[in-house]
>>> print(open('input_11.pdb').read())   # PDB, C-alpha atoms
MODEL        1
ATOM      1  CA  MET A   1     -31.305  -8.429   5.406  1.00  0.00           C
ATOM      2  CA  ASN A   2     -30.652  -4.719   5.915  1.00  0.00           C
ATOM      3  CA  SER A   3     -27.211  -3.178   5.434  1.00  0.00           C
ATOM      4  CA  VAL A   4     -26.639  -2.622   9.172  1.00  0.00           C
ATOM      5  CA  ASN A   5     -27.235  -6.274  10.021  1.00  0.00           C
ATOM      6  CA  SER A   6     -25.168  -7.339   7.026  1.00  0.00           C
ATOM      7  CA  SER A   7     -22.234  -5.198   8.174  1.00  0.00           C
ATOM      8  CA  GLN A   8     -22.526  -6.547  11.714  1.00  0.00           C
ATOM      9  CA  ASN A   9     -22.551 -10.118  10.426  1.00  0.00           C
ATOM     10  CA  ASN A  10     -19.494  -9.414   8.278  1.00  0.00           C
ATOM     11  CA  LEU A  11     -17.645  -8.013  11.285  1.00  0.00           C
ATOM     12  CA  LEU A  12     -18.596 -10.991  13.433  1.00  0.00           C
ATOM     13  CA  PHE A  13     -17.525 -13.440  10.757  1.00  0.00           C
ATOM     14  CA  THR A  14     -14.271 -11.583  10.204  1.00  0.00           C
ATOM     15  CA  SER A  15     -13.492 -11.649  13.911  1.00  0.00           C
ATOM     16  CA  ARG A  16     -13.932 -15.447  13.925  1.00  0.00           C
ATOM     17  CA  CYS A  17     -11.885 -15.993  10.766  1.00  0.00           C
ATOM     18  CA  PRO A  18      -8.211 -16.716  11.553  1.00  0.00           C
ATOM     19  CA  GLU A  19      -7.105 -16.048   7.983  1.00  0.00           C
ATOM     20  CA  VAL A  20      -8.514 -12.519   8.007  1.00  0.00           C
ATOM     21  CA  ARG A  21      -7.242 -11.893  11.521  1.00  0.00           C
ATOM     22  CA  ASP A  22      -3.740 -12.933  10.469  1.00  0.00           C
ATOM     23  CA  ALA A  23      -4.039 -10.936   7.246  1.00  0.00           C
ATOM     24  CA  GLN A  24      -4.724  -7.916   9.426  1.00  0.00           C
ATOM     25  CA  TRP A  25      -1.568  -8.754  11.406  1.00  0.00           C
ATOM     26  CA  VAL A  26       0.400  -8.770   8.126  1.00  0.00           C
ATOM     27  CA  CYS A  27      -1.114  -5.409   7.210  1.00  0.00           C
ATOM     28  CA  GLN A  28       0.021  -3.870  10.497  1.00  0.00           C
ATOM     29  CA  LYS A  29       3.443  -5.511  10.226  1.00  0.00           C
ATOM     30  CA  VAL A  30       4.062  -3.760   6.898  1.00  0.00           C
ATOM     31  CA  LYS A  31       2.933  -0.425   8.310  1.00  0.00           C
ATOM     32  CA  ASN A  32       4.717  -0.592  11.656  1.00  0.00           C
ATOM     33  CA  THR A  33       7.979  -2.503  11.178  1.00  0.00           C
ATOM     34  CA  PHE A  34       9.519   0.312   9.149  1.00  0.00           C
ATOM     35  CA  PRO A  35       7.179   3.339   9.128  1.00  0.00           C
ATOM     36  CA  HIS A  36       7.327   5.202   5.833  1.00  0.00           C
ATOM     37  CA  ILE A  37       5.685   8.053   3.955  1.00  0.00           C
ATOM     38  CA  SER A  38       3.533   7.445   0.884  1.00  0.00           C
ATOM     39  CA  THR A  39       3.765  10.171  -1.737  1.00  0.00           C
ATOM     40  CA  THR A  40       0.601   8.956  -3.459  1.00  0.00           C
ATOM     41  CA  LYS A  41      -1.498   9.002  -0.295  1.00  0.00           C
ATOM     42  CA  ILE A  42      -1.095  12.766  -0.043  1.00  0.00           C
ATOM     43  CA  SER A  43      -1.793  13.324  -3.745  1.00  0.00           C
ATOM     44  CA  ALA A  44      -5.539  13.916  -3.473  1.00  0.00           C
ATOM     45  CA  LYS A  45      -5.171  16.430  -0.647  1.00  0.00           C
ATOM     46  CA  MET A  46      -2.303  18.179  -2.396  1.00  0.00           C
ATOM     47  CA  ALA A  47      -4.344  18.399  -5.600  1.00  0.00           C
ATOM     48  CA  ASP A  48      -7.072  20.242  -3.688  1.00  0.00           C
ATOM     49  CA  ILE A  49      -4.523  22.643  -2.177  1.00  0.00           C
ATOM     50  CA  GLU A  50      -2.895  23.277  -5.553  1.00  0.00           C
ATOM     51  CA  GLU A  51      -6.255  23.934  -7.207  1.00  0.00           C
ATOM     52  CA  ALA A  52      -7.288  26.334  -4.439  1.00  0.00           C
ATOM     53  CA  ASN A  53      -3.999  28.231  -4.855  1.00  0.00           C
ATOM     54  CA  TRP A  54      -3.581  27.781  -8.593  1.00  0.00           C
ATOM     55  CA  ASP A  55      -1.874  31.085  -9.451  1.00  0.00           C
ATOM     56  CA  LEU A  56       0.676  30.585  -6.692  1.00  0.00           C
ATOM     57  CA  TYR A  57       1.248  26.971  -7.699  1.00  0.00           C
ATOM     58  CA  ARG A  58       1.841  27.993 -11.317  1.00  0.00           C
ATOM     59  CA  LYS A  59       4.485  30.466 -10.154  1.00  0.00           C
ATOM     60  CA  PHE A  60       6.113  27.702  -8.122  1.00  0.00           C
ATOM     61  CA  ILE A  61       6.192  25.389 -11.148  1.00  0.00           C
ATOM     62  CA  ASP A  62       7.706  28.080 -13.365  1.00  0.00           C
ATOM     63  CA  LYS A  63      10.188  29.564 -10.873  1.00  0.00           C
ATOM     64  CA  PRO A  64      10.290  27.582  -7.611  1.00  0.00           C
ATOM     65  CA  GLU A  65      13.447  29.167  -6.180  1.00  0.00           C
ATOM     66  CA  TYR A  66      12.322  32.686  -7.044  1.00  0.00           C
ATOM     67  CA  ALA A  67       8.858  32.106  -5.598  1.00  0.00           C
ATOM     68  CA  LEU A  68      10.274  30.798  -2.330  1.00  0.00           C
ATOM     69  CA  LEU A  69      12.969  33.441  -1.900  1.00  0.00           C
ATOM     70  CA  TYR A  70      11.110  36.602  -2.799  1.00  0.00           C
ATOM     71  CA  ASN A  71       7.497  36.048  -1.786  1.00  0.00           C
ATOM     72  CA  LYS A  72       7.036  37.863   1.528  1.00  0.00           C
ATOM     73  CA  ASN A  73       3.407  36.913   2.168  1.00  0.00           C
ATOM     74  CA  PRO A  74       3.401  34.518   5.188  1.00  0.00           C
ATOM     75  CA  LYS A  75       0.407  32.541   3.911  1.00  0.00           C
ATOM     76  CA  ASP A  76       1.913  32.194   0.444  1.00  0.00           C
ATOM     77  CA  ARG A  77       5.250  31.110   1.869  1.00  0.00           C
ATOM     78  CA  LYS A  78       3.518  28.389   3.889  1.00  0.00           C
ATOM     79  CA  PHE A  79       1.995  26.926   0.736  1.00  0.00           C
ATOM     80  CA  LEU A  80       5.223  27.349  -1.225  1.00  0.00           C
ATOM     81  CA  ARG A  81       7.106  25.375   1.419  1.00  0.00           C
ATOM     82  CA  LEU A  82       4.434  22.673   1.183  1.00  0.00           C
ATOM     83  CA  PHE A  83       4.775  22.515  -2.613  1.00  0.00           C
ATOM     84  CA  ALA A  84       8.556  22.293  -2.259  1.00  0.00           C
ATOM     85  CA  TRP A  85       8.309  19.529   0.360  1.00  0.00           C
ATOM     86  CA  ARG A  86       6.092  17.434  -1.883  1.00  0.00           C
ATOM     87  CA  ARG A  87       8.427  17.897  -4.840  1.00  0.00           C
ATOM     88  CA  ARG A  88      11.384  16.773  -2.718  1.00  0.00           C
ATOM     89  CA  ILE A  89       9.785  13.564  -1.444  1.00  0.00           C
ATOM     90  CA  VAL A  90       8.495  12.613  -4.908  1.00  0.00           C
ATOM     91  CA  LYS A  91      12.044  12.976  -6.214  1.00  0.00           C
ATOM     92  CA  ARG A  92      13.389  11.056  -3.212  1.00  0.00           C
ATOM     93  CA  ILE A  93      11.142   8.048  -3.781  1.00  0.00           C
ATOM     94  CA  HIS A  94      12.060   8.023  -7.470  1.00  0.00           C
ATOM     95  CA  ASP A  95      15.769   8.164  -6.610  1.00  0.00           C
ATOM     96  CA  ALA A  96      15.359   5.534  -3.885  1.00  0.00           C
ATOM     97  CA  ARG A  97      13.628   3.129  -6.252  1.00  0.00           C
ATOM     98  CA  GLU A  98      16.345   3.588  -8.843  1.00  0.00           C
ATOM     99  CA  SER A  99      19.062   3.041  -6.242  1.00  0.00           C
ATOM    100  CA  TRP A 100      17.542  -0.019  -4.583  1.00  0.00           C
ATOM    101  CA  ARG A 101      16.545  -1.539  -7.931  1.00  0.00           C
ATOM    102  CA  ILE A 102      20.221  -2.183  -8.717  1.00  0.00           C
ATOM    103  CA  GLY A 103      20.838  -5.891  -8.224  1.00  0.00           C
ATOM    104  CA  GLY A 104      17.175  -6.591  -7.508  1.00  0.00           C
ATOM    105  CA  LYS A 105      16.369  -8.664 -10.560  1.00  0.00           C
ATOM    106  CA  ASP A 106      14.343 -11.296  -8.699  1.00  0.00           C
ATOM    107  CA  ASP A 107      11.822 -11.230  -5.869  1.00  0.00           C
ATOM    108  CA  TYR A 108      14.285 -12.482  -3.260  1.00  0.00           C
ATOM    109  CA  HIS A 109      16.643  -9.558  -3.835  1.00  0.00           C
ATOM    110  CA  ARG A 110      13.735  -7.174  -4.190  1.00  0.00           C
ATOM    111  CA  VAL A 111      12.689  -7.974  -0.600  1.00  0.00           C
ATOM    112  CA  ASN A 112      15.964  -6.607   0.729  1.00  0.00           C
ATOM    113  CA  ASN A 113      15.760  -3.622  -1.611  1.00  0.00           C
ATOM    114  CA  VAL A 114      12.244  -2.661  -0.523  1.00  0.00           C
ATOM    115  CA  LEU A 115      13.089  -3.141   3.149  1.00  0.00           C
ATOM    116  CA  GLY A 116      16.118  -0.922   2.630  1.00  0.00           C
ATOM    117  CA  GLN A 117      13.923   1.706   1.013  1.00  0.00           C
ATOM    118  CA  PHE A 118      11.510   1.557   3.964  1.00  0.00           C
ATOM    119  CA  LYS A 119      14.255   1.603   6.584  1.00  0.00           C
ATOM    120  CA  TYR A 120      16.694   4.153   5.196  1.00  0.00           C
ATOM    121  CA  ASP A 121      14.656   6.326   2.839  1.00  0.00           C
ATOM    122  CA  LYS A 122      11.411   5.976   4.832  1.00  0.00           C
ATOM    123  CA  LEU A 123       9.380   6.097   1.636  1.00  0.00           C
ATOM    124  CA  GLY A 124       7.051   3.649  -0.071  1.00  0.00           C
ATOM    125  CA  ASN A 125       3.768   3.519  -1.938  1.00  0.00           C
ATOM    126  CA  CYS A 126       1.102   0.889  -2.522  1.00  0.00           C
ATOM    127  CA  GLY A 127       3.308  -1.224  -4.801  1.00  0.00           C
ATOM    128  CA  GLU A 128       6.004  -1.670  -2.177  1.00  0.00           C
ATOM    129  CA  ASP A 129       3.385  -2.220   0.537  1.00  0.00           C
ATOM    130  CA  ALA A 130       1.596  -4.923  -1.471  1.00  0.00           C
ATOM    131  CA  PHE A 131       4.855  -6.679  -2.307  1.00  0.00           C
ATOM    132  CA  MET A 132       5.976  -6.715   1.329  1.00  0.00           C
ATOM    133  CA  ALA A 133       2.595  -8.045   2.478  1.00  0.00           C
ATOM    134  CA  ALA A 134       2.872 -10.862  -0.067  1.00  0.00           C
ATOM    135  CA  THR A 135       6.444 -11.532   1.053  1.00  0.00           C
ATOM    136  CA  ILE A 136       5.458 -11.765   4.728  1.00  0.00           C
ATOM    137  CA  LEU A 137       2.742 -14.254   3.802  1.00  0.00           C
ATOM    138  CA  ARG A 138       5.305 -16.269   1.855  1.00  0.00           C
ATOM    139  CA  ILE A 139       7.783 -16.182   4.747  1.00  0.00           C
ATOM    140  CA  ASN A 140       5.051 -17.526   7.011  1.00  0.00           C
ATOM    141  CA  GLY A 141       4.158 -20.424   4.737  1.00  0.00           C
ATOM    142  CA  VAL A 142       1.408 -19.077   2.457  1.00  0.00           C
ATOM    143  CA  ASP A 143       2.533 -20.253  -0.981  1.00  0.00           C
ATOM    144  CA  ASN A 144      -0.263 -18.858  -3.171  1.00  0.00           C
ATOM    145  CA  THR A 145       0.261 -15.179  -2.417  1.00  0.00           C
ATOM    146  CA  CYS A 146       0.138 -12.609  -5.240  1.00  0.00           C
ATOM    147  CA  THR A 147       0.299  -8.927  -5.921  1.00  0.00           C
ATOM    148  CA  ALA A 148      -2.309  -7.409  -8.206  1.00  0.00           C
ATOM    149  CA  GLY A 149      -3.434  -4.066  -9.519  1.00  0.00           C
ATOM    150  CA  LEU A 150      -7.016  -2.863  -9.592  1.00  0.00           C
ATOM    151  CA  LYS A 151      -9.302  -1.802 -12.401  1.00  0.00           C
ATOM    152  CA  VAL A 152     -12.417   0.306 -11.935  1.00  0.00           C
ATOM    153  CA  ASP A 153     -15.201  -0.074 -14.486  1.00  0.00           C
ATOM    154  CA  GLY A 154     -12.660  -1.601 -16.848  1.00  0.00           C
ATOM    155  CA  SER A 155     -10.164   1.263 -16.541  1.00  0.00           C
ATOM    156  CA  PHE A 156      -6.698   1.223 -14.994  1.00  0.00           C
ATOM    157  CA  LEU A 157      -6.499   2.325 -11.344  1.00  0.00           C
ATOM    158  CA  ASP A 158      -3.055   3.191 -10.021  1.00  0.00           C
ATOM    159  CA  HIS A 159      -3.266   0.971  -6.958  1.00  0.00           C
ATOM    160  CA  MET A 160      -1.686  -2.348  -5.958  1.00  0.00           C
ATOM    161  CA  VAL A 161      -2.736  -4.874  -3.311  1.00  0.00           C
ATOM    162  CA  CYS A 162      -1.727  -8.271  -1.962  1.00  0.00           C
ATOM    163  CA  VAL A 163      -4.264 -11.013  -2.651  1.00  0.00           C
ATOM    164  CA  PHE A 164      -4.600 -14.745  -1.960  1.00  0.00           C
ATOM    165  CA  ASN A 165      -7.212 -17.476  -1.572  1.00  0.00           C
ATOM    166  CA  LYS A 166      -7.466 -18.741   1.987  1.00  0.00           C
ATOM    167  CA  ASP A 167      -8.227 -22.298   0.865  1.00  0.00           C
ATOM    168  CA  GLY A 168      -4.770 -22.553  -0.726  1.00  0.00           C
ATOM    169  CA  SER A 169      -5.991 -22.511  -4.317  1.00  0.00           C
ATOM    170  CA  THR A 170      -4.238 -20.420  -6.949  1.00  0.00           C
ATOM    171  CA  PHE A 171      -5.700 -16.958  -7.376  1.00  0.00           C
ATOM    172  CA  ASN A 172      -6.627 -16.621 -11.050  1.00  0.00           C
ATOM    173  CA  GLY A 173      -7.658 -12.970 -11.020  1.00  0.00           C
ATOM    174  CA  LYS A 174     -11.315 -13.679 -10.283  1.00  0.00           C
ATOM    175  CA  PRO A 175     -12.274 -13.203  -6.621  1.00  0.00           C
ATOM    176  CA  ASN A 176     -14.404 -15.784  -4.848  1.00  0.00           C
ATOM    177  CA  LYS A 177     -15.601 -16.389  -1.295  1.00  0.00           C
ATOM    178  CA  ASN A 178     -12.070 -17.451  -0.263  1.00  0.00           C
ATOM    179  CA  THR A 179     -10.254 -14.410  -1.661  1.00  0.00           C
ATOM    180  CA  ILE A 180      -8.627 -12.082   0.868  1.00  0.00           C
ATOM    181  CA  ILE A 181      -7.080  -8.693   0.095  1.00  0.00           C
ATOM    182  CA  ILE A 182      -4.320  -7.187   2.222  1.00  0.00           C
ATOM    183  CA  ASP A 183      -3.918  -3.476   1.583  1.00  0.00           C
ATOM    184  CA  PRO A 184      -1.374  -1.873   3.946  1.00  0.00           C
ATOM    185  CA  TRP A 185      -1.603   1.387   1.994  1.00  0.00           C
ATOM    186  CA  VAL A 186      -5.145   1.963   3.276  1.00  0.00           C
ATOM    187  CA  GLY A 187      -4.432  -0.015   6.472  1.00  0.00           C
ATOM    188  CA  MET A 188      -7.017  -2.748   5.968  1.00  0.00           C
ATOM    189  CA  ALA A 189      -7.314  -6.473   5.240  1.00  0.00           C
ATOM    190  CA  ASP A 190     -10.529  -8.410   4.654  1.00  0.00           C
ATOM    191  CA  PHE A 191     -12.358 -10.643   2.218  1.00  0.00           C
ATOM    192  CA  ALA A 192     -12.328  -9.191  -1.293  1.00  0.00           C
ATOM    193  CA  SER A 193     -16.087  -8.580  -1.303  1.00  0.00           C
ATOM    194  CA  ASN A 194     -15.805  -6.560   1.909  1.00  0.00           C
ATOM    195  CA  MET A 195     -12.734  -4.673   0.705  1.00  0.00           C
ATOM    196  CA  PHE A 196     -14.472  -3.675  -2.517  1.00  0.00           C
ATOM    197  CA  GLN A 197     -17.276  -2.121  -0.467  1.00  0.00           C
ATOM    198  CA  LYS A 198     -14.754  -0.296   1.711  1.00  0.00           C
ATOM    199  CA  TYR A 199     -12.948   1.038  -1.344  1.00  0.00           C
ATOM    200  CA  LYS A 200     -16.244   2.427  -2.631  1.00  0.00           C
ATOM    201  CA  ASN A 201     -17.622   3.823   0.615  1.00  0.00           C
ATOM    202  CA  VAL A 202     -14.676   4.503   2.942  1.00  0.00           C
ATOM    203  CA  PHE A 203     -11.557   5.042   0.828  1.00  0.00           C
ATOM    204  CA  SER A 204     -13.007   6.661  -2.304  1.00  0.00           C
ATOM    205  CA  GLU A 205     -11.269   9.960  -1.504  1.00  0.00           C
ATOM    206  CA  LEU A 206      -7.904   8.190  -1.538  1.00  0.00           C
ATOM    207  CA  LEU A 207      -8.630   6.045  -4.589  1.00  0.00           C
ATOM    208  CA  ILE A 208      -9.742   8.642  -7.085  1.00  0.00           C
ATOM    209  CA  GLY A 209     -12.231   7.360  -9.641  1.00  0.00           C
ATOM    210  CA  ILE A 210     -14.094   4.851  -7.484  1.00  0.00           C
ATOM    211  CA  LYS A 211     -17.812   5.470  -7.073  1.00  0.00           C
ATOM    212  CA  PRO A 212     -20.406   3.582  -4.985  1.00  0.00           C
ATOM    213  CA  GLN A 213     -21.701   1.788  -8.090  1.00  0.00           C
ATOM    214  CA  SER A 214     -18.267   1.027  -9.594  1.00  0.00           C
ATOM    215  CA  GLU A 215     -17.206  -2.465 -10.617  1.00  0.00           C
ATOM    216  CA  ILE A 216     -13.768  -3.330  -9.227  1.00  0.00           C
ATOM    217  CA  THR A 217     -11.679  -6.063 -10.838  1.00  0.00           C
ATOM    218  CA  PHE A 218      -8.044  -7.178 -10.810  1.00  0.00           C
ATOM    219  CA  ARG A 219      -5.226  -6.745 -13.324  1.00  0.00           C
ATOM    220  CA  ASN A 220      -1.574  -7.793 -13.574  1.00  0.00           C
ATOM    221  CA  VAL A 221      -1.772 -10.644 -11.075  1.00  0.00           C
ATOM    222  CA  ASP A 222       1.756 -11.735 -10.209  1.00  0.00           C
ATOM    223  CA  GLU A 223       2.856 -14.487  -7.841  1.00  0.00           C
ATOM    224  CA  VAL A 224       5.752 -13.740  -5.506  1.00  0.00           C
ATOM    225  CA  GLY A 225       8.628 -15.939  -6.644  1.00  0.00           C
ATOM    226  CA  ILE A 226      10.508 -16.926  -3.502  1.00  0.00           C
ATOM    227  CA  SER A 227      11.892 -20.459  -3.306  1.00  0.00           C
ATOM    228  CA  GLY A 228      11.988 -22.642  -0.213  1.00  0.00           C
ATOM    229  CA  MET A 229      15.676 -21.930   0.367  1.00  0.00           C
ATOM    230  CA  GLU A 230      15.144 -18.193  -0.137  1.00  0.00           C
ATOM    231  CA  ARG A 231      12.281 -18.325   2.350  1.00  0.00           C
ATOM    232  CA  PHE A 232      14.604 -19.938   4.899  1.00  0.00           C
ATOM    233  CA  LEU A 233      17.242 -17.252   4.311  1.00  0.00           C
ATOM    234  CA  LEU A 234      14.659 -14.488   4.745  1.00  0.00           C
ATOM    235  CA  ILE A 235      13.462 -16.044   8.010  1.00  0.00           C
ATOM    236  CA  MET A 236      17.036 -16.065   9.293  1.00  0.00           C
ATOM    237  CA  LYS A 237      17.706 -12.515   8.141  1.00  0.00           C
ATOM    238  CA  HIS A 238      14.361 -10.942   9.063  1.00  0.00           C
ATOM    239  CA  PRO A 239      12.898 -12.770  12.085  1.00  0.00           C
ATOM    240  CA  GLU A 240      10.773  -9.698  12.821  1.00  0.00           C
ATOM    241  CA  LEU A 241       8.627 -10.654   9.811  1.00  0.00           C
ATOM    242  CA  CYS A 242       7.746 -14.062  11.267  1.00  0.00           C
ATOM    243  CA  TYR A 243       4.446 -14.687  13.000  1.00  0.00           C
ATOM    244  CA  PRO A 244       5.062 -14.714  16.770  1.00  0.00           C
ATOM    245  CA  ASN A 245       5.062 -18.044  18.571  1.00  0.00           C
ATOM    246  CA  SER A 246       1.632 -18.821  19.947  1.00  0.00           C
ATOM    247  CA  ALA A 247      -0.722 -21.699  20.624  1.00  0.00           C
ATOM    248  CA  ARG A 248      -2.148 -21.245  17.120  1.00  0.00           C
ATOM    249  CA  GLU A 249      -0.363 -21.679  13.800  1.00  0.00           C
ATOM    250  CA  PHE A 250      -0.416 -18.853  11.276  1.00  0.00           C
ATOM    251  CA  MET A 251      -3.653 -18.874   9.255  1.00  0.00           C
ATOM    252  CA  ARG A 252      -5.024 -21.784  11.294  1.00  0.00           C
ATOM    253  CA  LYS A 253      -7.823 -21.999  13.842  1.00  0.00           C
ATOM    254  CA  LYS A 254      -5.705 -24.094  16.187  1.00  0.00           C
TER
ENDMDL
END
>>> encode(input="input_11.pdb", output="structure tokens")
Amino acid sequence: MNSVNSSQNNLLFTSRCPEVRDAQWVCQKVKNTFPHISTTKISAKMADIEEANWDLYRKFIDKPEYALLYNKNPKDRKFLRLFAWRRRIVKRIHDARESWRIGGKDDYHRVNNVLGQFKYDKLGNCGEDAFMAATILRINGVDNTCTAGLKVDGSFLDHMVCVFNKDGSTFNGKPNKNTIIIDPWVGMADFASNMFQKYKNVFSELLIGIKPQSEITFRNVDEVGISGMERFLLIMKHPELCYPNSAREFMRKK
């Protein structure tokens, strides 16, 4: 079977699969409920800009206030403002995480902390996105949801996703035909085998280090620890995270 037909078949199967369709709903819910900026998503582009303007960037690192105040070149000032903006939002997400981490010693409290970070600080990276995707699954009755990091060719990759097996079995870190990845950071959800191909061929510029021939595996698999009572409290407090009433149950064909 050629790659075009294979891709078409994957798309057709995905469109018929309620679990993937609902995983895509979760992905959009994380992105759209509280829109937020990811500091890591702009890292690759910023690295290119910094490299192309290395002398100016070095001056900014050494004397940021001086560089901004006394450089009169309009083009330089544009880049200096960009460097300063990135520095500010990186500091803001660090400060926000430290602030919201207070009192968030378990996953139930962490939900409120991350939502607060999204809502008030409007910042979040792949770790927060993956955790919220897993939480939304848990709120909607999926008990085997996990967060996990990725490894590429055996090496650490600074990226987190939400992952679960659609047949209800425990995810043990080894993907199979039932494994679905939800990745709000890249804006995609699909079976793990399909997501791995997309990471290699579509999102490789965002996920630095991935090549078409790379082997992608999981690391640091962690189940979201929300009890039945905590789930009920989250439903009452955050009804916007519940699957809308319809003729079909969440993750079910009918």
>>> resolve_selection(input="input_11.pdb", expression="the PyMOL selection byres ((chain A and resi 180) around 9)", output="compact mmCIF listing (two decimals) with C-alpha atoms, in the frame of the given file")
# COMPACT_ATOMS: atom_id res chain seq x y z
CA GLU A 19 -7.10 -16.05 7.98
CA VAL A 20 -8.51 -12.52 8.01
CA ALA A 23 -4.04 -10.94 7.25
CA CYS A 162 -1.73 -8.27 -1.96
CA VAL A 163 -4.26 -11.01 -2.65
CA PHE A 164 -4.60 -14.74 -1.96
CA ASN A 165 -7.21 -17.48 -1.57
CA LYS A 166 -7.47 -18.74 1.99
CA PRO A 175 -12.27 -13.20 -6.62
CA ASN A 176 -14.40 -15.78 -4.85
CA LYS A 177 -15.60 -16.39 -1.30
CA ASN A 178 -12.07 -17.45 -0.26
CA THR A 179 -10.25 -14.41 -1.66
CA ILE A 181 -7.08 -8.69 0.10
CA ILE A 182 -4.32 -7.19 2.22
CA ALA A 189 -7.31 -6.47 5.24
CA ASP A 190 -10.53 -8.41 4.65
CA PHE A 191 -12.36 -10.64 2.22
CA ALA A 192 -12.33 -9.19 -1.29
CA SER A 193 -16.09 -8.58 -1.30
CA MET A 195 -12.73 -4.67 0.70
>>> resolve_selection(input="input_11.pdb", expression="the PyMOL selection byres ((chain A and resi 131-140) around 7)", output="list in words")
Val26, Cys27, Val30, Gly127, Glu128, Asp129, Ala130, Gly141, Val142, Asp143, Thr145, Cys146, Thr147, Cys162, Ile182, Val224, Arg231, Ile235, Leu241, Cys242 and Tyr243 of chain A
>>> atom_distance(input="input_11.pdb", atom1="atom CA of Met236 of chain A", atom2="atom CA of Ser169 of chain A")
27.5 Å
>>> residues_around(input="input_11.pdb", residues="Asn125 of chain A", least_positions_apart="2", cutoff="12 Å", atoms="all atoms listed in the file", output="MDAnalysis selection string")
chainID A and resid 30:31 35:43 89:90 93:94 96:97 114 117:118 122:123 127:132 158:161 183:186
>>> atom_distance(input="input_11.pdb", atom1="atom CA of Tyr57 of chain A", atom2="atom CA of Phe79 of chain A")
8.5 Å
